[in-house]
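Presented below is the structure to which this report refers.
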Amino acid sequence: MSKQHDRLQTITVKDNALQIAGRSAEQVVEIAGGTPSYIYDRSFLTERVQALRELMPSELKLHYAIKANPMPAVVHHMAGLLDGLDVASQNEMMIAIGAGIDPEVISFAGPAKRAEELRAAVAANIVINVESCLELERLYQLSSNMGIKPRVAFRVNPDFELKSSGMKMAGGPKQFGIDAEQMPELLSALDTGKIDFYGFHIFSGSQNLNPKALVDAHNKTFELAERLSGLVRGPVRHVNIGGGLGIPYFPGEQKLDVRPVAENLQQLMSHRAGSFKHSDIVMELGRYLVGEAGYYLCRVTDKKQSRGQTFLMTDGGLHHHLSNSGNFGQVIRKNYPVLIANRIDGVEKEVVEIVGPLCTPLDIVGAKLELPVAEVGDLVVVFQSGAYGATASPQGFLSHPHVRELLV
């Protein structure tokens, strides 16, 4: 039976227990080897990509930003659905190459790439998003030393930001990319004998639920890309416009209406001019593709009262799911959607604090939640947990066991 719970996509419930990919939450935990576990729903990933392709312009290239969830099984699955992969470290690069995708559709971004990372990227023939003038000089030198022309795109820090963005990545002084006003001089002096110029990467922000803000940012991004393309001798083969599409986490947030964003992109892509007219346009997405496909499951190990407050103690917490704890960018902590996975509904309810095993009051799984009465041994599920989970968390903190991950 499907049910709609507050702030959640429709979930499937059978015998009052959450179903994940056709199995009960308890069953998938057993397959994973126990709790705490991240479970990722393969069919949801496929359906999200298919739904996005149906809306977006057919010529738009969709890439997966591995940093959102670099689990190899997830990356391998996404590589088969999308047009390319974007990495942010050498380890992610190896995962991407291991997924069997053509290195020509892998790109590498990062504001402080190490020398060995640059050498690996040049050797692999992936596109390197250059983020500083010194990084470009290093690539010129590697071209001479290795006898390989690096494939280069320039990450540009535009003079605008993505309004209403959960995380602003552009506008003003930033560690990311090269300021747009510095680009004309850099492009005029570009040594195409030493590098293979590929295009631009213009990424202004992430986690946005406001279609008007995304439309405005895309308008400005295309205007900037066309202006920069006019300064380049030869073709501009691709322009990565970033992503920015968000998912709802907290009370009051609504799902992003992608349709007006897609319709505007179609208009922009149809009215390009000059060398920009034939560029591949790449949308690089992470959280939007995988965030809602993930579930974090932990088990109640104790239940106690403290001065009138009921606490559910669990074997999971901020060391596995830092963002859910509120310590990953939140100013005022808000709850992710949380339920008792084996007691989705119940007549008798109680207000509980759900906490983890760490010796810190910051270790919160859910605060002041009204849920069906739970007992020791029950499963707690945190939804919207497919992005920035395991690898974005301090799993070594206090040396508790690492979290398990499973794609089903």
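Each chain in the structure tokens gets a letter, A, B and so on, in the order shown; residues start at 1 in every chain, and ligands are counted from 1 in the order they appear.
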For the structure I just gave you, how does DSSP split region 333-394 of chain A - specifically, which residues are strand (DSSP E or B)? Reply as a list in words.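 Across region 333-394 of chain A, those assigned strand (DSSP E or B) are Val338, Leu339, Ile340, Lys349, Glu350, Val351, Val352, Glu353, Ile354, Val355, Ile364, Val365, Gly366, Ala367, Lys368, Leu369, Glu370, Leu371, Pro372, Leu379, Val380, Val381 and Val382 of chain A.
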Residues near Pro36 (chain A), cut-off 8 Å, only C-alpha atoms, skip fewer than 4 positions along chain, as a list in words: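 Counting only C-alpha atoms, the residues come to Tyr296, Leu297, Cys298, Arg299, Asp315, Gly316, Val403 and Arg404 of chain A.
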Which residues are close to region 272-275 of chain A, i.e. within 8 Å by only C-alpha atoms, leaving aside same-chain residues fewer than 2 positions away? Reply as an MDAnalysis selection string. chainID A and resid 226 229:230 234:236 268:270 277:279
Could you go through region 158-295 of chain A and tell me which residues DSSP, when run on the backbone, assigns to alpha helix (DSSP H), listing them as an MDAnalysis selection string? chainID A and resid 183:188 211:229 259:270 287:290
Can you pull out the residues contacting Gln384 (chain A)? Cut-off 6 Å, using only C-alpha atoms, and skip same-chain residues under 3 positions away; I want them as a count of residues only. 3
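Residues within 7 Å of region 52-55 of chain A, counting only C-alpha atoms and excluding same-chain residues fewer than 2 positions away, are A:Arg48, A:Val49, A:Gln50, A:Pro57, A:Arg259, A:Ala262.
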Find the distance between CA of Thr46 (chain A) and CA of Gly317 (chain A) and write it in Å to one decimal.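 Pair CA of Thr46 (chain A) / CA of Gly317 (chain A) returns 28.7 Å.
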For Arg333 (chain A): contacts at 12 Å, only C-alpha atoms, fewer than 2 positions along chain excluded, given as a list of chain:residue names: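 The residues satisfying every condition are A:Tyr249, A:Phe250, A:Pro251, A:Leu322, A:Ser323, A:Asn324, A:Ser325, A:Gly326, A:Asn327, A:Phe328, A:Gly329, A:Gln330, A:Val331, A:Asn335, A:Tyr336, A:Leu362, A:Asp363, A:Ile364, A:Val365, A:Gly366, A:Ala367, A:Lys368.
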Measuring between only C-alpha atoms, which one of A:Leu358, A:Leu62, A:Val130, A:Val382 shows the shortest distance to Pro111 (chain A)?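 Comparing A:Leu358, A:Leu62, A:Val130, A:Val382 against Pro111 (chain A), the winner is A:Val130.
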Determine, counting only C-alpha atoms, which protein, DNA and RNA residues have an atom within 12 Å of an atom of Gly147 (chain A); residues of the same chain fewer than 2 positions away are not included. Present the result as a list in words.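 Contacts, in chain order: Arg119, Val122, Ala123, Leu139, Tyr140, Gln141, Leu142, Ser143, Ser144, Asn145, Lys149, Pro150, Gly193, Lys194 and Ile195 of chain A.
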Would you output that residue set with all heavy atoms, as a CSV table (one decimal), in the first residue's frame?
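What landed in part06.csv:
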chain,number,residue,atom,x,y,z
A,119,ARG,N,48.5,15.1,-12.9
A,119,ARG,CA,49.2,14.1,-13.7
A,119,ARG,C,48.3,13.0,-14.1
A,119,ARG,O,48.2,12.5,-15.2
A,119,ARG,CB,50.5,13.6,-13.0
A,119,ARG,CG,51.6,14.6,-12.9
A,119,ARG,CD,52.8,13.9,-12.3
A,119,ARG,NE,53.4,12.9,-13.2
A,119,ARG,CZ,54.2,13.1,-14.2
A,119,ARG,NH1,54.7,14.3,-14.4
A,119,ARG,NH2,54.7,12.1,-14.9
A,122,VAL,N,45.7,14.1,-16.6
A,122,VAL,CA,46.2,14.3,-18.0
A,122,VAL,C,46.5,12.9,-18.6
A,122,VAL,O,46.1,12.7,-19.8
A,122,VAL,CB,47.6,15.0,-17.9
A,122,VAL,CG1,48.3,15.0,-19.2
A,122,VAL,CG2,47.3,16.5,-17.4
A,123,ALA,N,47.0,12.0,-17.8
A,123,ALA,CA,47.2,10.6,-18.3
A,123,ALA,C,45.9,9.9,-18.7
A,123,ALA,O,45.9,9.2,-19.7
A,123,ALA,CB,48.0,9.8,-17.3
A,139,LEU,N,49.7,22.9,-16.0
A,139,LEU,CA,49.3,22.0,-17.1
A,139,LEU,C,50.1,22.2,-18.3
A,139,LEU,O,50.4,21.3,-19.1
A,139,LEU,CB,47.8,22.2,-17.4
A,139,LEU,CG,46.8,21.7,-16.3
A,139,LEU,CD1,45.4,22.1,-16.6
A,139,LEU,CD2,46.9,20.2,-16.2
A,140,TYR,N,50.5,23.5,-18.6
A,140,TYR,CA,51.5,23.7,-19.7
A,140,TYR,C,52.7,22.9,-19.4
A,140,TYR,O,53.3,22.3,-20.4
A,140,TYR,CB,51.8,25.2,-19.7
A,140,TYR,CG,50.8,26.1,-20.3
A,140,TYR,CD1,50.7,27.5,-19.9
A,140,TYR,CD2,49.9,25.7,-21.3
A,140,TYR,CE1,49.8,28.3,-20.5
A,140,TYR,CE2,48.9,26.5,-21.8
A,140,TYR,CZ,48.9,27.9,-21.4
A,140,TYR,OH,48.0,28.7,-22.0
A,141,GLN,N,53.2,22.9,-18.2
A,141,GLN,CA,54.5,22.2,-17.9
A,141,GLN,C,54.3,20.7,-18.0
A,141,GLN,O,55.1,20.0,-18.6
A,141,GLN,CB,54.9,22.5,-16.5
A,141,GLN,CG,56.3,22.0,-16.1
A,141,GLN,CD,57.4,22.6,-17.0
A,141,GLN,OE1,57.5,23.8,-17.2
A,141,GLN,NE2,58.2,21.7,-17.6
A,142,LEU,N,53.1,20.2,-17.6
A,142,LEU,CA,52.9,18.8,-17.7
A,142,LEU,C,52.7,18.4,-19.2
A,142,LEU,O,53.2,17.3,-19.6
A,142,LEU,CB,51.6,18.4,-17.0
A,142,LEU,CG,51.7,18.3,-15.4
A,142,LEU,CD1,50.3,18.1,-14.8
A,142,LEU,CD2,52.6,17.2,-15.0
A,143,SER,N,52.2,19.2,-20.0
A,143,SER,CA,52.1,19.0,-21.4
A,143,SER,C,53.5,18.7,-22.0
A,143,SER,O,53.7,17.8,-22.8
A,143,SER,CB,51.4,20.1,-22.1
A,143,SER,OG,51.4,19.9,-23.5
A,144,SER,N,54.5,19.6,-21.6
A,144,SER,CA,55.8,19.4,-22.1
A,144,SER,C,56.5,18.2,-21.5
A,144,SER,O,57.2,17.4,-22.2
A,144,SER,CB,56.6,20.7,-21.7
A,144,SER,OG,56.1,21.8,-22.3
A,145,ASN,N,56.3,17.9,-20.2
A,145,ASN,CA,56.9,16.8,-19.6
A,145,ASN,C,56.4,15.4,-20.0
A,145,ASN,O,57.1,14.4,-20.1
A,145,ASN,CB,56.8,16.9,-18.0
A,145,ASN,CG,57.6,18.1,-17.5
A,145,ASN,OD1,58.4,18.7,-18.2
A,145,ASN,ND2,57.3,18.5,-16.3
A,149,LYS,N,48.8,16.6,-24.6
A,149,LYS,CA,48.1,17.9,-24.4
A,149,LYS,C,46.9,17.7,-23.5
A,149,LYS,O,45.9,17.0,-23.8
A,149,LYS,CB,47.6,18.4,-25.8
A,149,LYS,CG,48.7,18.8,-26.7
A,149,LYS,CD,48.2,19.3,-28.1
A,149,LYS,CE,47.4,20.5,-28.0
A,149,LYS,NZ,47.0,21.0,-29.3
A,150,PRO,N,46.9,18.3,-22.3
A,150,PRO,CA,45.8,18.2,-21.4
A,150,PRO,C,44.5,18.8,-22.0
A,150,PRO,O,44.5,19.8,-22.8
A,150,PRO,CB,46.2,19.0,-20.2
A,150,PRO,CG,47.7,19.1,-20.3
A,150,PRO,CD,48.0,19.1,-21.8
A,193,GLY,N,48.9,25.3,-28.3
A,193,GLY,CA,49.9,24.3,-28.7
A,193,GLY,C,50.2,23.4,-27.5
A,193,GLY,O,50.7,22.3,-27.8
A,194,LYS,N,49.9,23.8,-26.3
A,194,LYS,CA,50.2,23.0,-25.1
A,194,LYS,C,49.0,22.4,-24.5
A,194,LYS,O,49.1,21.4,-23.7
A,194,LYS,CB,51.0,23.8,-24.1
A,194,LYS,CG,52.4,24.2,-24.6
A,194,LYS,CD,53.1,24.9,-23.5
A,194,LYS,CE,54.6,25.2,-23.9
A,194,LYS,NZ,55.3,26.0,-22.8
A,195,ILE,N,47.8,22.9,-24.7
A,195,ILE,CA,46.6,22.4,-24.1
A,195,ILE,C,45.5,22.3,-25.2
A,195,ILE,O,45.5,23.0,-26.2
A,195,ILE,CB,46.1,23.2,-22.9
A,195,ILE,CG1,45.8,24.7,-23.4
A,195,ILE,CG2,47.1,23.2,-21.8
A,195,ILE,CD1,44.3,24.9,-23.6
Gap from CA of Phe160 (chain A) to CA of Phe200 (chain A) - Å, one decimal: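 For CA of Phe160 (chain A) relative to CA of Phe200 (chain A), the distance reads 15.9 Å.
Residue nearest Glu135 (chain A), chosen from A:Leu190, A:Ala115, A:Val156, A:Leu45 and counting only C-alpha atoms: A:Ala115.
Rounded to one decimal, CA of Glu181 (chain A) and CA of Ala112 (chain A) lie 20.8 Å from each other.
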With distances taken over only C-alpha atoms, the candidate from A:Leu209, A:Val380, A:Leu118, A:Ala293 nearest Val408 (chain A) is A:Ala293
